[in-house]
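Some notes on the structure that comes next.
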Amino acid sequence: MESLTCASSHVPPRPLSGASLLAPVKVSYHAIQSALKKALQGERLSFEDGVNLYHSPDLLELGAVANEVNLKKNGRDVYFNVNRHINPTNICAMSCKFCAFSRKPGEEGAYAYSEDEIAHRAKMAADSGATEIHMVGGLHPRWKLSNYTNIIRTVKQVAPHVHVKAFTAVELDWLARKERITVAELITQLRDAGLGSFPGGGAEIFTPYVRELICDTKLTGDGWLEIHKTAHKMGLRSNCTMLYGHIEDIPARIDHMMRLRQLQDETSGFNVFIPLAYQPENNELGINRHTYGVDDLKTVAIARLMLDNFRHIKSYWIMTGERVAQTALHYGANDLDGTVVEEKIANMAGSQSGMAMAKSRLLRVIRDAGRIPVERSTVYEPIRRFDNPAEDALQ
Amino acid sequence: MNPYSLNCPVTPVWREFEKPLKPNSTPAAAGFQEAPTLSGINQRDAERQKVIAGQVRESKVHDALMQAQISQTQDPQLRAAYETALAGKRLSGEQGQLLLDAGDLNLLGWLATRAKERFHPAGKVSFLIDRNINYTNICRIGCDFCAFYRRGHESDSYVLPKEEIFKKIEETIELGGTGTLMQGGVNPHLKIEYYEDLFRSIKERYKIHLHALSVIEIEGIAQVSRLTVAETIDRLKAAGLDSIPGAGAEILSDEIRLEQSPVKRHSHRWIKVMQEAHRADLPTTATMMFGALEERKHIIEHILRIRDAQDETQGFYAFILWTFQGENTELAKKNPGMQQTSGAEYLRVLAVSRLMMDNIPNIQGSWVTMGPKIGQISLHYGANDMGSIMIEENVVSAAGTSYTLDRANMIDLIRRSGFTPVQRDTYYNILAEYPETSAQ
């Protein structure tokens with residue numbers, strides 16, 4: 001991963017005080033203005049630009065510029081999809097400090113769905129018009145490759161037309177090592193079973209000095225990127241995420257975005273970037289606050305400006321709440337994710353957004369923001385553009 | 001679970017604000033000053049505006065972008081509305097409606113921020129430490145959108161004893177609070193003598209602002225005490241009432257109002273009682289509760305009514321927007337399809353309110369009904385104030401919404417939004433400023 005180390009050279013290892021997140025840093029007025037001008041002219045932003053923009057006190061200005069950049073790329077269309085999450089198991093060999101979802105085998109609340117339970121959920125999803133099933137789960141110590149391929153086949157059997165987007169790079173890495181096969185071989189087998197693309201989870205923060213504090217046993221940042229690169233080279237698309245609002249600092253966030261930008265330059269394999277707001281409950285990290293609304297919006301706007309080679313930036317309503325997610329549509333986001341239906345990972349960590357949003361509410365939320373709802377497939381092909389507001393009520 | 005609790009190990013900058021204030025020999029919070037009269041408030045605000053008018057604003061990338069957007073607006077009427085707002089001229093009702101329906105949210109935010117900066121120094125946002133004391137929940141009105149009221153026969157009906165009110169006030173002062181917002185139901189058993197006695201005994205003991213009652217309560221007191229509204233207001237003022245909160249305005253449109261709350265009378269009564277207070281040199285605020293079945297035209301009607309009344313009597317020193325909270329209310333039960341106000345809609349209404357209300361200096365963002373996240377964001381859409389940290393609040397929480405903030409969280413929320421937090425009293429006198437701490 002030599003090609004990916006240059007971005008990280010911007011960030012020397014340092015002790016994290018958390019102060020840079022809390023105390024505003026004075027950045028010169030000209031530095032911010034010149035970064036914004038660059039962004040408006042379509043120039044690529046540097047690491048320093050990104051950091052400076054984060055310290056701008058003028059949220060609206062950042063939003064207006066990100067909005068402008070987004071409108072040039074996507075017009076007034078805002079994407080959503082009709083999807084369902086299935087988390088096949090929460091039994092996990094890993095212990096990430098920010099996680100409230102994982103359980104050890106035999107621990108209270110540990111579960112692993114049978115194939116029937118998965119089939120039942122997939123059937124419900126297909127019947128309700130879902131076009132995507134999103135599946136991620138824990139690293140079950142006793143599950144083999146056959147368990148994973150069976151899960152995909154089960155879903156495909158009851159819902160043949162539904163796109164299966166499943167398993168993070170962390171799960172792939174774990175499984176490949178367990179089965180003693182290469183990641184490429186693993187991906188081939190999963191694809192043969194019916195897998196369509198990969199979700200973007202497990203990225204957290206790549207930057208080593210943060211990653212070792214929040215999930216030291218997990219796949220490294222470089223490892224994560226390597227797996228996505230492999231998938232892209234095999235013709236499979238994937239998403240990418242960033243977990244922010246915990247102990248990371250602003251340089252780590254920008255570093256994270258730059259590493260993604262670099263891989264995207266190489267492969268163009270990412271569909272979308274999804275900032276994930278940290279959820280503070282029931283975990284070991286000891287940070288008990290939700291992210292700030294202004295931070296959520298800034299992160300979306302700066303991602304839009306930094307990630308000039310991404311067409312789509314998602315504001316994921318599960319993490320920030322519907323109201324902030326909707327507002328983010330004016331800060332550079334052009335996607336709200338979907339109906340979700342049953343979300344466990346963020347909800348167990350204190351997300352206050354509930355688990356499901358009806359399609360009619362998604363339409364209303366997008367319309368209220370003055371945008372045009374477009375239902376999309378997992379890989380961002382438009383399925384239906386809802387040009388006529390009068391038809392919303394029929395959904 | 002408090003979403004902003006302070007168990008975070010990496011937040012040393014918060015700690016300095018957690019120190020309790022030293023109790024004073026005469027019980028009063030730090031910086032407490034006697035409540036100003038209405039004319040005093042107006043004079044002070046006029047002087048503040050004069051100072052601000054002399055300040056020059058730096059031109060930014062943002063300004064050019066927004067100005068280009070205005071000049072590229074296709075609809076000539078919408079463009080005219082934008083231009084009127086930018087010039088700081090008065091918007092007509094039609095223009096307000098147009099901005100609400102078709103205005104671009106980014107542009108509205110920018111215009112509202114410009115409008116805000118005509119009243120307030122750029123870069124500062126105020127908050128208040130006070131306590132809501134709901135002295136009774138017995139009410140003979142019973143509005144459809146309310147989950148707080150009781151009829152008097154239920155086991156959880158109450159009238160707070162004086163001692164308990166005193167205790168709450170002492171706790172408030174202890175926490176640095178300068179005011180109480182005292183409101184209750186329209187309790188038919190409480191006559192003016194009860195209130196006179198209560199207010200006098202509070203004022204004898206404590207230095208605290210009494211921002212109390214509401215139009216409907218004052219009318220209720222007048223009725224059971226066989227007094228006119230003017231007499232009632234005079235007697236309450238003499239007993240220590242400092243100002244009247246603008247609650248109960250809901251939406252001042254009879255079309256909507258009679259539907260939601262038939263007993264709360266026609267909207268002109270609300271304005272009349274408030275203006276009666278203004279004539280007695282008693283300051284008041286005005287509110288709007290939206291997101292409950294009204295249409296956008298009713299929102300504009302409400303804003304216009306208050307703006308007109310303000311032109312006449314100059315007595316509203318703040319305008320406060322709330323969104324309807326559905327849980328446990330009759331209105332939500334009767335209208336199961338009703339949807340919650342979305343974030344963008346709230347920010348849009350807030351921004352247009354700031355643009356329309358050219359004669360009221362202060363507009364509050366409501367973190368209480370919209371949550372701390374949108375509350376913080378609202379500071380960029382025309383709000384110059386985060387309202388109170390609300391040591392106690394019963395009415396909104398009865399309708400299913402419960403957010404809490406303490407002083408440290410409030411300061412941090414404002415600061416992280418890009419502003420310098422200032423603590424104010426009920427009447428927007430600045431008590432303390434919390435400038436930025438330097439980064440490590």
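Scheme for the structure tokens: letters A, B, ... for chains in order shown; per-chain residue numbers from 1; ligand numbers from 1 in order shown.
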I'd like a table as JSON lines: residues in chain A with an atom no more than 8 Å from chain B, each row giving the shortest atom pair and its distance in Å to one decimal, only C-alpha atoms counted, sorted by chain and rising residue number.
```
{"residue": "A:Ser17", "atom": "CA", "partner": "B:Val10", "partner_atom": "CA", "distance": 6.0}
{"residue": "A:Gly18", "atom": "CA", "partner": "B:Val10", "partner_atom": "CA", "distance": 5.3}
{"residue": "A:Ala19", "atom": "CA", "partner": "B:Gln440", "partner_atom": "CA", "distance": 6.5}
{"residue": "A:Ser20", "atom": "CA", "partner": "B:Ala439", "partner_atom": "CA", "distance": 6.5}
{"residue": "A:Leu22", "atom": "CA", "partner": "B:Arg416", "partner_atom": "CA", "distance": 6.9}
{"residue": "A:Ala23", "atom": "CA", "partner": "B:Ala439", "partner_atom": "CA", "distance": 5.5}
{"residue": "A:Pro24", "atom": "CA", "partner": "B:Ala439", "partner_atom": "CA", "distance": 6.7}
{"residue": "A:Val25", "atom": "CA", "partner": "B:Ala439", "partner_atom": "CA", "distance": 5.8}
{"residue": "A:Gln33", "atom": "CA", "partner": "B:Val61", "partner_atom": "CA", "distance": 6.3}
{"residue": "A:Leu36", "atom": "CA", "partner": "B:Val61", "partner_atom": "CA", "distance": 7.1}
{"residue": "A:Lys37", "atom": "CA", "partner": "B:Val61", "partner_atom": "CA", "distance": 7.0}
{"residue": "A:Ser56", "atom": "CA", "partner": "B:Gly418", "partner_atom": "CA", "distance": 7.6}
{"residue": "A:Pro57", "atom": "CA", "partner": "B:Gly418", "partner_atom": "CA", "distance": 4.1}
{"residue": "A:Asp58", "atom": "CA", "partner": "B:Gly418", "partner_atom": "CA", "distance": 6.5}
{"residue": "A:Leu59", "atom": "CA", "partner": "B:His380", "partner_atom": "CA", "distance": 7.2}
{"residue": "A:Leu60", "atom": "CA", "partner": "B:His380", "partner_atom": "CA", "distance": 6.5}
{"residue": "A:Glu61", "atom": "CA", "partner": "B:His62", "partner_atom": "CA", "distance": 5.2}
{"residue": "A:Gly63", "atom": "CA", "partner": "B:Asn106", "partner_atom": "CA", "distance": 7.4}
{"residue": "A:Ala64", "atom": "CA", "partner": "B:Asn106", "partner_atom": "CA", "distance": 6.1}
{"residue": "A:Val65", "atom": "CA", "partner": "B:His62", "partner_atom": "CA", "distance": 7.4}
{"residue": "A:Ile247", "atom": "CA", "partner": "B:Val10", "partner_atom": "CA", "distance": 7.9}
{"residue": "A:Gly286", "atom": "CA", "partner": "B:Cys8", "partner_atom": "CA", "distance": 6.2}
{"residue": "A:Ile287", "atom": "CA", "partner": "B:Cys8", "partner_atom": "CA", "distance": 4.7}
{"residue": "A:Asn288", "atom": "CA", "partner": "B:Cys8", "partner_atom": "CA", "distance": 5.8}
{"residue": "A:Arg289", "atom": "CA", "partner": "B:Tyr4", "partner_atom": "CA", "distance": 4.8}
{"residue": "A:His290", "atom": "CA", "partner": "B:Pro3", "partner_atom": "CA", "distance": 6.1}
{"residue": "A:Tyr292", "atom": "CA", "partner": "B:Lys373", "partner_atom": "CA", "distance": 5.7}
{"residue": "A:Gly293", "atom": "CA", "partner": "B:Lys373", "partner_atom": "CA", "distance": 4.0}
{"residue": "A:Val294", "atom": "CA", "partner": "B:Ile377", "partner_atom": "CA", "distance": 5.8}
{"residue": "A:Asp295", "atom": "CA", "partner": "B:Arg416", "partner_atom": "CA", "distance": 7.9}
{"residue": "A:Glu322", "atom": "CA", "partner": "B:Gly343", "partner_atom": "CA", "distance": 7.6}
{"residue": "A:Arg323", "atom": "CA", "partner": "B:Gly343", "partner_atom": "CA", "distance": 4.1}
{"residue": "A:Val324", "atom": "CA", "partner": "B:Gly343", "partner_atom": "CA", "distance": 6.4}
{"residue": "A:Gln326", "atom": "CA", "partner": "B:Ala344", "partner_atom": "CA", "distance": 6.5}
{"residue": "A:Thr327", "atom": "CA", "partner": "B:Ala344", "partner_atom": "CA", "distance": 5.4}
{"residue": "A:His330", "atom": "CA", "partner": "B:Asn106", "partner_atom": "CA", "distance": 6.7}
{"residue": "A:Val365", "atom": "CA", "partner": "B:Ser342", "partner_atom": "CA", "distance": 6.7}
{"residue": "A:Asp368", "atom": "CA", "partner": "B:Glu345", "partner_atom": "CA", "distance": 6.4}
{"residue": "A:Ala369", "atom": "CA", "partner": "B:Ala344", "partner_atom": "CA", "distance": 5.6}
{"residue": "A:Gly370", "atom": "CA", "partner": "B:Asp104", "partner_atom": "CA", "distance": 7.7}
```
Can you list, as a PyMOL selection string, all residues belonging to range 242-353 of chain B that DSSP tags as alpha helix (DSSP H)? chain B and resi 254-260+267-279+296-313+330-334+343-353
With N, CA and C atoms retained, export the selected residues as a short mmCIF file (atom, residue, chain, number, x, y, z; two decimals), in the first residue's frame.
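The resulting result_13.cif:
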```
data_model
loop_
_atom_site.label_atom_id
_atom_site.label_comp_id
_atom_site.auth_asym_id
_atom_site.auth_seq_id
_atom_site.Cartn_x
_atom_site.Cartn_y
_atom_site.Cartn_z
N ASP B 254 -57.87 33.01 13.31
CA ASP B 254 -59.10 32.44 13.88
C ASP B 254 -59.49 31.13 13.22
N GLU B 255 -59.19 31.04 11.93
CA GLU B 255 -59.53 29.84 11.18
C GLU B 255 -58.93 28.60 11.85
N ILE B 256 -57.67 28.71 12.26
CA ILE B 256 -56.96 27.60 12.87
C ILE B 256 -57.24 27.53 14.36
N ARG B 257 -57.27 28.67 14.98
CA ARG B 257 -57.34 28.77 16.41
C ARG B 257 -58.61 28.16 16.98
N LEU B 258 -59.74 28.43 16.35
CA LEU B 258 -61.01 27.95 16.87
C LEU B 258 -61.06 26.43 16.78
N GLU B 259 -60.37 25.91 15.77
CA GLU B 259 -60.30 24.47 15.60
C GLU B 259 -59.52 23.82 16.74
N GLN B 260 -58.37 24.42 17.12
CA GLN B 260 -57.47 23.80 18.09
C GLN B 260 -57.92 24.04 19.52
N SER B 267 -58.32 35.52 18.11
CA SER B 267 -56.93 35.96 18.22
C SER B 267 -56.80 37.44 18.55
N HIS B 268 -57.78 38.26 18.18
CA HIS B 268 -57.61 39.68 18.48
C HIS B 268 -57.59 39.93 19.99
N ARG B 269 -58.20 39.00 20.76
CA ARG B 269 -58.18 39.14 22.22
C ARG B 269 -56.74 39.01 22.73
N TRP B 270 -56.01 38.09 22.13
CA TRP B 270 -54.63 37.86 22.58
C TRP B 270 -53.81 39.14 22.38
N ILE B 271 -53.95 39.71 21.20
CA ILE B 271 -53.22 40.94 20.89
C ILE B 271 -53.65 42.05 21.85
N LYS B 272 -54.98 42.13 22.10
CA LYS B 272 -55.51 43.21 22.91
C LYS B 272 -54.96 43.18 24.34
N VAL B 273 -54.93 41.99 24.90
CA VAL B 273 -54.42 41.86 26.28
C VAL B 273 -52.94 42.24 26.32
N MET B 274 -52.19 41.78 25.34
CA MET B 274 -50.77 42.10 25.30
C MET B 274 -50.57 43.61 25.18
N GLN B 275 -51.37 44.23 24.34
CA GLN B 275 -51.21 45.68 24.15
C GLN B 275 -51.62 46.43 25.41
N GLU B 276 -52.56 45.88 26.14
CA GLU B 276 -52.95 46.46 27.42
C GLU B 276 -51.73 46.48 28.35
N ALA B 277 -50.98 45.37 28.33
CA ALA B 277 -49.76 45.30 29.15
C ALA B 277 -48.73 46.32 28.68
N HIS B 278 -48.57 46.44 27.37
CA HIS B 278 -47.61 47.41 26.84
C HIS B 278 -47.96 48.81 27.31
N ARG B 279 -49.27 49.10 27.31
CA ARG B 279 -49.69 50.44 27.74
C ARG B 279 -49.36 50.67 29.21
N ARG B 296 -49.10 27.45 5.45
CA ARG B 296 -48.09 28.50 5.53
C ARG B 296 -48.72 29.89 5.56
N LYS B 297 -49.88 30.05 4.93
CA LYS B 297 -50.52 31.37 4.93
C LYS B 297 -50.91 31.77 6.35
N HIS B 298 -51.21 30.81 7.19
CA HIS B 298 -51.56 31.15 8.58
C HIS B 298 -50.33 31.62 9.35
N ILE B 299 -49.20 31.05 9.02
CA ILE B 299 -47.95 31.48 9.65
C ILE B 299 -47.69 32.94 9.31
N ILE B 300 -47.88 33.27 8.04
CA ILE B 300 -47.67 34.65 7.62
C ILE B 300 -48.69 35.58 8.28
N GLU B 301 -49.94 35.14 8.37
CA GLU B 301 -50.98 35.94 9.03
C GLU B 301 -50.58 36.24 10.47
N HIS B 302 -50.07 35.21 11.13
CA HIS B 302 -49.63 35.36 12.52
C HIS B 302 -48.51 36.40 12.64
N ILE B 303 -47.52 36.26 11.77
CA ILE B 303 -46.39 37.18 11.83
C ILE B 303 -46.85 38.62 11.57
N LEU B 304 -47.73 38.78 10.60
CA LEU B 304 -48.21 40.13 10.28
C LEU B 304 -48.98 40.75 11.43
N ARG B 305 -49.81 39.95 12.07
CA ARG B 305 -50.59 40.46 13.20
C ARG B 305 -49.69 40.96 14.32
N ILE B 306 -48.67 40.19 14.59
CA ILE B 306 -47.76 40.60 15.66
C ILE B 306 -46.95 41.81 15.23
N ARG B 307 -46.53 41.83 13.97
CA ARG B 307 -45.75 42.96 13.49
C ARG B 307 -46.59 44.25 13.54
N ASP B 308 -47.87 44.15 13.14
CA ASP B 308 -48.75 45.33 13.19
C ASP B 308 -48.93 45.80 14.63
N ALA B 309 -49.18 44.84 15.52
CA ALA B 309 -49.38 45.21 16.93
C ALA B 309 -48.12 45.87 17.49
N GLN B 310 -46.98 45.36 17.07
CA GLN B 310 -45.71 45.91 17.53
C GLN B 310 -45.51 47.34 17.02
N ASP B 311 -45.93 47.59 15.80
CA ASP B 311 -45.87 48.95 15.27
C ASP B 311 -46.65 49.91 16.17
N GLU B 312 -47.78 49.43 16.69
CA GLU B 312 -48.64 50.29 17.51
C GLU B 312 -48.08 50.55 18.90
N THR B 313 -47.67 49.46 19.60
CA THR B 313 -47.35 49.64 21.02
C THR B 313 -45.91 49.36 21.42
N GLU B 330 -54.68 15.54 22.26
CA GLU B 330 -55.92 15.24 21.56
C GLU B 330 -55.78 15.50 20.06
N LEU B 331 -55.08 16.59 19.76
CA LEU B 331 -54.96 17.01 18.36
C LEU B 331 -54.30 15.92 17.52
N ALA B 332 -53.26 15.29 18.10
CA ALA B 332 -52.57 14.23 17.38
C ALA B 332 -53.47 13.00 17.28
N LYS B 333 -54.25 12.75 18.33
CA LYS B 333 -55.14 11.58 18.30
C LYS B 333 -56.23 11.76 17.23
N LYS B 334 -56.70 13.02 17.10
CA LYS B 334 -57.76 13.27 16.12
C LYS B 334 -57.23 13.27 14.70
N GLY B 343 -36.83 19.39 9.83
CA GLY B 343 -35.77 20.35 10.16
C GLY B 343 -35.74 21.51 9.20
N ALA B 344 -35.83 21.21 7.90
CA ALA B 344 -35.75 22.27 6.89
C ALA B 344 -36.93 23.22 7.01
N GLU B 345 -38.11 22.68 7.29
CA GLU B 345 -39.30 23.53 7.42
C GLU B 345 -39.13 24.48 8.60
N TYR B 346 -38.63 23.95 9.72
CA TYR B 346 -38.42 24.80 10.89
C TYR B 346 -37.45 25.94 10.58
N LEU B 347 -36.33 25.61 9.93
CA LEU B 347 -35.31 26.62 9.64
C LEU B 347 -35.84 27.66 8.66
N ARG B 348 -36.67 27.21 7.75
CA ARG B 348 -37.28 28.10 6.77
C ARG B 348 -38.22 29.10 7.45
N VAL B 349 -39.07 28.58 8.33
CA VAL B 349 -40.01 29.45 9.04
C VAL B 349 -39.24 30.43 9.94
N LEU B 350 -38.20 29.92 10.57
CA LEU B 350 -37.38 30.77 11.44
C LEU B 350 -36.76 31.91 10.63
N ALA B 351 -36.16 31.57 9.50
CA ALA B 351 -35.48 32.59 8.68
C ALA B 351 -36.48 33.63 8.17
N VAL B 352 -37.62 33.16 7.69
CA VAL B 352 -38.62 34.11 7.18
C VAL B 352 -39.16 34.98 8.32
N SER B 353 -39.32 34.40 9.51
CA SER B 353 -39.76 35.21 10.66
C SER B 353 -38.76 36.32 10.94
#
```
Find the residues around Leu71 in chain A up to 12 Å (only C-alpha atoms counted), leave out those fewer than 2 positions away in its own chain, and share them as JSON, numbers by chain. {"A": [40, 63, 64, 65, 66, 67, 68, 69, 73, 74, 75, 76, 77, 78, 304, 311, 312, 329, 330, 331, 332, 333, 334, 371]}
Any idea what's packed within 8 Å of Met306 in chain A, counting only C-alpha atoms, ignoring anything in its chain fewer than 2 positions away? Could you give it as a short mmCIF file (atom, residue, chain, number, x, y, z; two decimals) with N, CA, C and O atoms, in the first residue's frame?
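Saved the output as out37.cif:
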```
data_model
loop_
_atom_site.label_atom_id
_atom_site.label_comp_id
_atom_site.auth_asym_id
_atom_site.auth_seq_id
_atom_site.Cartn_x
_atom_site.Cartn_y
_atom_site.Cartn_z
N ARG A 44 -8.60 21.03 -6.69
CA ARG A 44 -8.53 20.04 -5.61
C ARG A 44 -8.01 20.69 -4.32
O ARG A 44 -7.05 21.45 -4.35
N LEU A 45 -8.68 20.38 -3.20
CA LEU A 45 -8.28 20.96 -1.92
C LEU A 45 -7.15 20.16 -1.29
O LEU A 45 -7.10 18.94 -1.40
N SER A 46 -6.27 20.87 -0.60
CA SER A 46 -5.17 20.20 0.09
C SER A 46 -5.59 19.81 1.50
O SER A 46 -6.65 20.20 1.97
N GLY A 50 -8.58 21.50 3.98
CA GLY A 50 -9.63 20.76 4.67
C GLY A 50 -9.67 21.11 6.15
O GLY A 50 -10.73 21.37 6.72
N MET A 257 -10.37 11.22 4.79
CA MET A 257 -11.01 11.55 3.51
C MET A 257 -9.99 11.50 2.38
O MET A 257 -10.29 11.07 1.27
N MET A 258 -8.77 11.96 2.67
CA MET A 258 -7.76 12.00 1.60
C MET A 258 -7.35 10.61 1.16
O MET A 258 -7.07 10.37 0.00
N ARG A 261 -9.99 9.49 -1.11
CA ARG A 261 -9.90 10.21 -2.37
C ARG A 261 -8.83 9.59 -3.27
O ARG A 261 -9.00 9.45 -4.48
N ILE A 302 -17.68 19.50 4.13
CA ILE A 302 -16.25 19.37 3.86
C ILE A 302 -15.98 18.09 3.06
O ILE A 302 -15.14 18.08 2.16
N ALA A 303 -16.74 17.04 3.35
CA ALA A 303 -16.60 15.82 2.53
C ALA A 303 -16.94 16.14 1.08
O ALA A 303 -16.23 15.71 0.16
N ARG A 304 -17.98 16.91 0.87
CA ARG A 304 -18.36 17.27 -0.50
C ARG A 304 -17.22 18.05 -1.19
O ARG A 304 -16.93 17.82 -2.36
N ASP A 308 -13.59 15.44 -4.33
CA ASP A 308 -14.00 15.96 -5.63
C ASP A 308 -14.21 14.85 -6.65
O ASP A 308 -14.78 15.09 -7.70
#
```
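Residues with any atom within 8 Å of His228 in chain A, counting only C-alpha atoms and excluding same-chain neighbours fewer than 4 positions away, are A:Ala169, A:Trp224, A:His232, A:Ser238.
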Need to verify the contact set: Glu83 in chain B, 10 Å, only C-alpha atoms, exclusion of same-chain residues closer than 6 positions in sequence. Can you return it as a ChimeraX atom specification? /B:67,70-71,77,89,91,111
Could you name the residues that touch Glu132 in chain A at 7 Å or less, counting only C-alpha atoms, but leaving out those on the same chain fewer than 4 positions away, as a CSV table (one decimal) with N, CA and C atoms, in the first residue's frame?
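Below you can see part32.csv, which holds the result:
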```csv
chain,number,residue,atom,x,y,z
A,82,VAL,N,-35.2,2.0,-1.4
A,82,VAL,CA,-36.1,1.2,-0.5
A,82,VAL,C,-35.3,0.0,-0.1
A,83,ASN,N,-34.9,0.0,1.1
A,83,ASN,CA,-33.9,-1.1,1.5
A,83,ASN,C,-34.3,-1.7,2.8
A,84,ARG,N,-33.6,-2.7,3.2
A,84,ARG,CA,-33.8,-3.3,4.5
A,84,ARG,C,-32.5,-3.8,5.1
A,162,VAL,N,-33.6,-8.7,-5.6
A,162,VAL,CA,-33.1,-7.7,-4.7
A,162,VAL,C,-31.6,-7.8,-4.7
A,163,HIS,N,-31.0,-6.6,-4.7
A,163,HIS,CA,-29.5,-6.5,-4.7
A,163,HIS,C,-29.0,-6.8,-3.3
A,164,VAL,N,-28.0,-7.7,-3.2
A,164,VAL,CA,-27.5,-8.0,-1.9
A,164,VAL,C,-26.2,-7.2,-1.7
A,165,LYS,N,-26.2,-6.2,-0.8
A,165,LYS,CA,-25.0,-5.5,-0.5
A,165,LYS,C,-24.6,-5.9,0.9
A,378,THR,N,-29.0,0.2,-5.6
A,378,THR,CA,-27.8,0.3,-4.7
A,378,THR,C,-26.6,1.0,-5.3
```
Atomic distance CA of Gly382 in chain B - CA of Ala112 in chain B, expressed in Å with one decimal: 4.6 Å
So what do you get for CA of Asn309 in chain A versus CA of Thr207 in chain A, distance-wise?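 Going from CA of Asn309 in chain A over to CA of Thr207 in chain A covers 20.7 Å.
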Please compute the CA of Met338 in chain B-CA of Gly96 in chain B distance, one decimal, in Å.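 Those two atoms sit 24.6 Å apart.
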DSSP-assigned strand (DSSP E) among range 213-395 of chain A, expressed as number ranges by chain: A: 238-244, 270-277, 312-313, 335-338, 372-376, 382-385
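Minimum distance to Arg384 in chain A across A:Asn81, A:Ser28, A:Asn70, A:Phe101 (counting only C-alpha atoms) occurs at A:Asn81.
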Give me, as a tab-separated table, the closest atom pair and its distance (Å, one decimal) for every residue of range 107-175 of chain B within a cut-off of 10 Å of range 189-196 of chain B, counting only C-alpha atoms, rows sorted by chain and rising number.
```
residue	atom	partner	partner_atom	distance
B:Thr136	CA	B:Leu190	CA	9.7
B:Ile138	CA	B:His189	CA	9.3
B:Cys139	CA	B:His189	CA	9.9
B:Val159	CA	B:Leu190	CA	9.5
```
